[in-house]
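A.B. asks: This one is coords.txt, compact mmCIF, C-alpha atoms.
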# COMPACT_ATOMS: atom_id res chain seq x y z
CA MET A 1 133.94 85.81 69.39
CA THR A 2 130.32 84.75 69.85
CA MET A 3 130.01 86.91 72.94
CA ILE A 4 131.59 89.85 71.12
CA ARG A 5 129.15 89.51 68.20
CA LYS A 6 126.19 89.38 70.58
CA THR A 7 127.44 92.49 72.36
CA ILE A 8 127.79 94.36 69.07
CA VAL A 9 124.33 93.31 67.91
CA LEU A 10 122.76 94.38 71.21
CA ALA A 11 124.55 97.73 71.03
CA VAL A 12 123.29 98.35 67.49
CA LEU A 13 119.72 97.40 68.40
CA SER A 14 119.84 99.66 71.45
CA ALA A 15 121.03 102.55 69.30
CA MET A 16 118.27 101.91 66.79
CA SER A 17 115.42 101.41 69.23
CA PHE A 18 114.87 105.01 70.25
CA PRO A 19 114.72 106.51 66.73
CA LEU A 20 112.32 103.75 65.64
CA PHE A 21 110.07 104.35 68.66
CA ALA A 22 110.19 108.10 68.09
CA GLN A 23 109.26 107.58 64.45
CA ASP A 24 106.22 105.50 65.46
CA THR A 25 104.99 108.25 67.75
CA ASN A 26 105.14 110.69 64.82
CA ALA A 27 103.04 108.41 62.65
CA PRO A 28 99.61 109.59 61.45
CA LEU A 29 97.02 109.54 64.19
CA PRO A 30 94.34 106.85 64.09
CA THR A 31 90.69 107.78 63.81
CA VAL A 32 88.52 108.22 66.89
CA GLU A 33 86.37 105.32 65.67
CA SER A 34 89.31 102.92 65.49
CA ILE A 35 90.54 104.01 68.93
CA PHE A 36 87.08 103.47 70.34
CA GLN A 37 86.89 99.93 68.95
CA ARG A 38 90.26 99.00 70.46
CA VAL A 39 89.38 100.56 73.81
CA VAL A 40 86.06 98.69 74.00
CA GLU A 41 87.95 95.42 73.46
CA ARG A 42 90.41 96.39 76.18
CA VAL A 43 87.59 97.18 78.64
CA LYS A 44 86.57 93.52 78.51
CA LYS A 45 89.97 92.60 79.96
CA GLU A 46 90.00 95.11 82.82
CA SER A 47 88.53 92.71 85.39
CA ASP A 48 91.14 90.07 84.54
CA ASN A 49 93.84 92.74 84.72
CA ASP A 50 92.74 93.90 88.18
CA ARG A 51 92.44 90.33 89.45
CA ALA A 52 95.91 89.40 88.19
CA PHE A 53 97.43 92.52 89.72
CA ASP A 54 95.90 91.80 93.14
CA GLU A 55 97.11 88.20 92.95
CA ARG A 56 100.69 89.06 92.05
CA TYR A 57 101.44 92.35 93.80
CA SER A 58 101.42 93.75 97.31
CA TYR A 59 100.90 97.45 97.88
CA SER A 60 99.86 100.11 100.36
CA ARG A 61 97.05 102.58 99.79
CA THR A 62 96.27 105.84 101.57
CA LYS A 63 93.02 107.80 101.30
CA VAL A 64 92.72 111.33 102.68
CA THR A 65 89.46 113.30 102.71
CA GLU A 66 89.46 116.94 103.81
CA TYR A 67 86.35 119.01 104.55
CA ARG A 68 86.50 122.81 104.44
CA ASP A 69 83.99 125.60 104.88
CA SER A 70 83.13 128.12 102.17
CA ALA A 71 86.16 130.23 103.16
CA GLY A 72 88.50 127.29 102.65
CA GLU A 73 89.24 126.71 106.36
CA LEU A 74 89.86 123.06 107.20
CA LYS A 75 87.13 121.68 109.46
CA LYS A 76 87.70 117.94 109.34
CA SER A 77 90.21 115.49 107.94
CA GLU A 78 89.90 111.73 107.55
CA LYS A 79 92.77 109.39 106.65
CA LYS A 80 92.54 105.70 105.90
CA SER A 81 95.45 103.38 105.18
CA SER A 82 95.40 99.79 104.01
CA VAL A 83 97.91 97.14 102.99
CA HIS A 84 97.24 94.53 100.34
CA ASP A 85 99.22 91.30 100.68
CA PRO A 86 98.18 88.48 98.30
CA THR A 87 100.18 85.92 100.26
CA ALA A 88 98.11 86.64 103.37
CA ALA A 89 94.85 86.56 101.42
CA LYS A 90 95.55 83.04 100.14
CA HIS A 91 95.43 81.68 103.69
CA SER A 92 91.96 83.14 104.34
CA GLN A 93 90.21 83.24 100.97
CA PRO A 94 86.59 83.29 102.30
CA ASP A 95 87.36 86.40 104.30
CA ALA A 96 89.85 87.92 101.89
CA ALA A 97 87.75 90.94 100.95
CA ARG A 98 87.05 91.68 104.62
CA SER A 99 90.49 91.03 106.09
CA ASN A 100 92.39 92.65 103.25
CA PRO A 101 91.39 96.33 102.97
CA GLY A 102 93.51 96.64 99.82
CA LEU A 103 90.78 94.78 97.93
CA GLU A 104 88.14 97.38 98.70
CA LYS A 105 86.77 99.33 95.76
CA SER A 106 86.04 103.06 95.71
CA GLU A 107 82.42 104.10 96.18
CA ALA A 108 80.64 105.95 93.41
CA VAL A 109 78.29 108.88 93.43
CA SER A 110 74.85 107.42 94.14
CA ASP A 111 71.42 108.43 95.36
CA THR A 112 71.90 106.31 98.49
CA HIS A 113 74.13 109.04 99.89
CA SER A 114 73.23 112.16 97.96
CA ASN A 115 73.93 114.84 100.55
CA VAL A 116 76.90 116.44 98.78
CA ARG A 117 79.62 115.01 100.99
CA GLY A 118 81.80 114.35 97.99
CA ARG A 119 81.22 110.71 97.10
CA GLN A 120 83.73 110.02 94.36
CA PHE A 121 83.49 108.52 90.92
CA LYS A 122 85.05 105.19 90.17
CA ARG A 123 87.58 104.68 87.40
CA ASP A 124 85.07 102.31 85.77
CA ASP A 125 82.61 105.17 85.38
CA PHE A 126 84.85 106.60 82.67
CA LEU A 127 85.78 103.41 80.82
CA LEU A 128 84.75 103.91 77.22
CA ASN A 129 81.72 101.84 76.27
CA GLN A 130 78.63 102.25 74.11
CA ASP A 131 76.62 103.97 76.85
CA LEU A 132 79.37 106.48 77.63
CA ALA A 133 80.18 107.12 73.97
CA ARG A 134 76.69 108.35 73.13
CA ARG A 135 76.81 110.88 75.97
CA PHE A 136 79.85 112.77 74.64
CA GLN A 137 81.40 114.28 71.57
CA PHE A 138 85.04 113.15 71.28
CA THR A 139 87.91 115.00 69.59
CA LEU A 140 91.34 113.45 69.02
CA VAL A 141 93.89 116.11 70.04
CA GLY A 142 97.22 114.38 69.51
CA ARG A 143 99.81 112.10 71.01
CA GLU A 144 101.74 112.58 74.28
CA TRP A 145 104.21 110.65 76.41
CA ILE A 146 102.79 109.28 79.67
CA ASN A 147 105.29 107.45 81.89
CA GLY A 148 107.57 106.72 78.95
CA ARG A 149 104.82 105.36 76.70
CA PRO A 150 102.94 107.09 73.85
CA ALA A 151 99.31 107.90 74.63
CA LEU A 152 96.53 109.28 72.47
CA THR A 153 94.96 112.46 73.87
CA ILE A 154 91.19 112.82 73.51
CA ASP A 155 88.99 115.73 74.59
CA PHE A 156 85.30 115.24 75.27
CA VAL A 157 82.26 117.45 75.91
CA PRO A 158 78.61 116.54 76.58
CA VAL A 159 76.45 116.04 73.51
CA ASN A 160 73.97 118.81 72.90
CA LYS A 161 70.84 116.79 73.65
CA LYS A 162 68.88 115.39 76.56
CA MET A 163 70.38 112.16 77.90
CA PRO A 164 68.79 109.71 80.36
CA GLU A 165 69.44 110.34 84.06
CA ARG A 166 68.67 107.20 86.05
CA ASN A 167 70.52 108.35 89.17
CA LEU A 168 72.77 111.06 90.57
CA LYS A 169 75.83 109.58 88.90
CA ASP A 170 74.19 109.99 85.49
CA ARG A 171 73.48 113.65 86.24
CA PHE A 172 77.15 114.18 86.99
CA ILE A 173 78.40 112.29 83.95
CA ASN A 174 75.98 114.02 81.55
CA LYS A 175 77.40 117.40 82.58
CA ALA A 176 81.07 116.35 82.61
CA GLY A 177 83.81 117.29 80.16
CA GLY A 178 87.57 117.04 80.04
CA ARG A 179 90.43 115.02 78.61
CA VAL A 180 91.48 111.37 78.68
CA TRP A 181 94.69 109.67 77.65
CA VAL A 182 94.65 106.21 76.02
CA ASP A 183 97.82 104.10 75.97
CA GLU A 184 98.64 103.49 72.32
CA GLY A 185 100.15 100.08 72.98
CA ASP A 186 97.51 98.51 75.23
CA TYR A 187 94.58 100.87 74.47
CA CYS A 188 93.61 101.24 78.11
CA LEU A 189 92.67 104.47 79.84
CA VAL A 190 95.82 105.64 81.66
CA LYS A 191 94.90 109.16 82.73
CA ALA A 192 91.83 111.38 83.00
CA ASP A 193 91.05 115.00 83.90
CA VAL A 194 87.31 115.59 84.29
CA HIS A 195 85.31 118.63 85.39
CA LEU A 196 81.68 119.71 85.61
CA THR A 197 80.47 121.95 82.80
CA GLN A 198 77.24 122.87 84.61
CA LYS A 199 75.86 122.92 88.14
CA VAL A 200 74.26 119.70 89.37
CA ASN A 201 71.29 119.90 91.76
CA VAL A 202 70.68 117.19 94.36
CA GLY A 203 67.05 116.58 95.28
CA PHE A 204 65.89 119.33 92.87
CA GLY A 205 68.20 121.73 94.71
CA LEU A 206 66.46 121.28 98.05
CA ILE A 207 69.03 118.83 99.46
CA GLY A 208 72.01 120.50 97.87
CA ALA A 209 73.92 121.43 94.75
CA VAL A 210 77.41 120.98 93.30
CA TRP A 211 78.79 123.78 91.17
CA LYS A 212 82.42 122.69 90.93
CA PHE A 213 83.85 119.20 90.66
CA ASP A 214 87.32 118.39 89.31
CA TYR A 215 88.30 114.74 89.13
CA GLY A 216 91.41 112.99 87.88
CA PHE A 217 93.34 109.76 88.07
CA GLU A 218 96.53 108.30 86.66
CA ARG A 219 97.52 104.67 86.21
CA GLY A 220 100.86 102.92 86.17
CA ARG A 221 102.01 99.77 84.36
CA THR A 222 104.05 96.90 85.80
CA ASP A 223 106.90 95.22 83.96
CA ASP A 224 104.62 92.27 83.16
CA GLY A 225 102.00 94.51 81.53
CA LEU A 226 99.43 94.93 84.32
CA TRP A 227 97.82 98.32 84.93
CA PHE A 228 96.97 99.79 88.35
CA THR A 229 95.56 103.10 89.59
CA ARG A 230 98.42 105.05 91.13
CA ASP A 231 96.72 108.35 92.02
CA VAL A 232 93.15 109.61 92.40
CA ASN A 233 92.34 113.23 93.25
CA TRP A 234 89.17 115.29 93.25
CA HIS A 235 87.91 118.63 94.49
CA LEU A 236 84.27 119.47 95.11
CA GLU A 237 82.50 122.72 95.97
CA GLY A 238 78.80 122.71 96.74
CA ARG A 239 75.94 123.24 99.13
CA GLU A 240 74.44 120.74 101.55
CA VAL A 241 70.99 122.06 102.52
CA VAL A 242 72.09 125.54 103.68
CA ILE A 243 75.78 124.91 104.36
CA ASN A 244 78.40 125.53 101.70
CA ARG A 245 81.34 123.16 101.80
CA GLN A 246 84.49 122.17 99.96
CA VAL A 247 85.81 118.61 99.87
CA ASP A 248 89.21 117.39 98.72
CA TYR A 249 90.12 113.74 98.25
CA HIS A 250 93.55 112.23 97.63
CA GLU A 251 94.27 108.55 97.09
CA LYS A 252 97.70 107.10 96.43
CA MET A 253 99.10 103.59 95.92
CA ILE A 254 102.72 103.05 96.99
CA ASP A 255 105.20 100.26 97.85
CA ILE A 256 104.14 98.14 94.88
CA ARG A 257 106.04 94.85 94.96
CA ARG A 258 105.82 91.60 93.02
CA THR A 259 105.10 88.77 95.48
CA ALA A 260 103.92 85.92 93.23
CA PRO A 261 105.27 84.46 89.97
Have the structure of the file written as structure tokens, please.
C.D. replies:
Amino acid sequence: MTMIRKTIVLAVLSAMSFPLFAQDTNAPLPTVESIFQRVVERVKKESDNDRAFDERYSYSRTKVTEYRDSAGELKKSEKKSSVHDPTAAKHSQPDAARSNPGLEKSEAVSDTHSNVRGRQFKRDDFLLNQDLARRFQFTLVGREWINGRPALTIDFVPVNKKMPERNLKDRFINKAGGRVWVDEGDYCLVKADVHLTQKVNVGFGLIGAVWKFDYGFERGRTDDGLWFTRDVNWHLEGREVVINRQVDYHEKMIDIRRTAP
């Protein structure tokens, strides 16, 4: 009888769970200010999240970069693959970052390589913080489902005033707009679609210029609550000195497996 009662209780709870969850997602939306406060607190945990994910999970990552001319004809393609295995890294900790390509981080747009070859943004460049918040005007659009979880949808546009530009990355960010999705349970950034709202000159236009840049990423969540970047994609159109070029970048993480308790 005990087993029967447990089965009945579980069946009732299962039947109730979806309507309750659906009701929560139809609840009044929080304010942008309250979302921002929760997201800022979450940002402080991102390093611990990434470290825990790399310690517990193995995965494979592919990176494909394609270079095209102004007519869209493919001129060059580069593909890099790496495998992250935390069990192998434990046996060679001093050389873990070198011997384990899966630990490598994406490069950001910087003045050290400013010749319009399509250096990508990092996910961290769009983590909400005080510096980023003052560069944009945010509008809460609504609530959507992302990978089976409710997410708050926020649009953003550059503020209508002059913002500091310490490097090339700042010039890109100050002219960016788009939409981000914030997980309503964990308040982390789970998806972003970003685009340039104005042309960006490199070296005052003498070295080059970028007039189109679309960037996006999407994250997944493990059963134990750790977030990881599943997909990164961007498309760039610009000029390098006198040559117009298009660059496409695709990054994907696959074969994600739990290897440590």
A.B. asks: I'd like the contact shell of A:Arg257 - 7 Å cut-off, all atoms listed in the file, skipping same-chain residues fewer than 6 positions apart - returned as a ChimeraX atom specification.
C.D. replies: /A:57-59
A.B. asks: Find, counting all atoms listed in the file, the residue in A:Thr229, A:Arg56, A:Pro28, A:Arg61 that gets nearest to A:Ala88.
C.D. replies: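 Of all the options, A:Arg56 lies closest to A:Ala88.
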A.B. asks: My list of candidates is A:Ala27, A:Ala52, A:Leu152, A:Val180. Which is closest to A:Ala260 when distances are computed with all atoms listed in the file?
C.D. replies: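 Residue with the minimum atom-to-atom distance to A:Ala260: A:Ala52.
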A.B. asks: Might you pull out every residue within 6 Å of A:Ser60, with all atoms listed in the file counted and same-chain residues fewer than 3 positions away left off, and present them as number ranges by chain?
C.D. replies: A: 82-83, 253-255
A.B. asks: So the first atom is atom CA of A:Glu240 and the second is atom CA of A:Asn201; what is the distance between them in Å, to one decimal place?
C.D. replies: 10.3 Å
A.B. asks: Just the number, please: distance in Å from atom CA of A:Ile173 to atom CA of A:Arg219, one decimal.
C.D. replies: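 Value for the atom CA of A:Ile173-atom CA of A:Arg219 distance: 20.7 Å.
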A.B. asks: Can you work out which one of A:Arg143, A:Arg68, A:Lys80, A:Lys45 has the shortest atom-to-atom distance to A:Asp248, counting all atoms listed in the file?
C.D. replies: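 Looking only at the distances to A:Asp248, the closest residue turns out to be A:Arg68.
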A.B. asks: How many Å lie between atom CA of A:Glu66 and atom CA of A:Phe156, rounded to one decimal?
C.D. replies: 28.9 Å
A.B. asks: Pick the closest to A:Pro86 from A:Asp155, A:Asp69, A:Asp54, A:Glu33: which is it, counting only C-alpha atoms?
C.D. replies: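 Checking each candidate against A:Pro86, we get A:Asp54 as the closest.
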A.B. asks: Would you pick out the contacts of A:Arg239 at 6 Å or less, using all atoms listed in the file, so that residues sharing its chain but fewer than 5 positions from it are not included, and give the list as an mmCIF file with C-alpha atoms, in the coordinates of the input?
C.D. replies:
data_model
loop_
_atom_site.group_PDB
_atom_site.id
_atom_site.type_symbol
_atom_site.label_atom_id
_atom_site.label_comp_id
_atom_site.auth_asym_id
_atom_site.auth_seq_id
_atom_site.Cartn_x
_atom_site.Cartn_y
_atom_site.Cartn_z
ATOM 1 C CA GLY A 208 72.010 120.500 97.870
ATOM 2 C CA ALA A 209 73.920 121.430 94.750
ATOM 3 C CA ASN A 244 78.400 125.530 101.700
#
A.B. asks: Can you work out which one of A:Val200, A:Leu189, A:Val247, A:Leu132 has the shortest atom-to-atom distance to A:Lys75, counting all atoms listed in the file?
C.D. replies: A:Val247
A.B. asks: Given all atoms listed in the file as the basis, pick out the residue of A:Arg179, A:Leu168, A:Leu29, A:Phe36 nearest to A:Pro150.
C.D. replies: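 So, comparing all the options, the nearest one is A:Leu29.
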A.B. asks: Please identify all polymer residues within 8 Å of A:Trp181, counting all atoms listed in the file, omitting same-chain residues fewer than 5 positions from it, and present them as a ChimeraX atom specification.
C.D. replies: /A:151-154,189-192
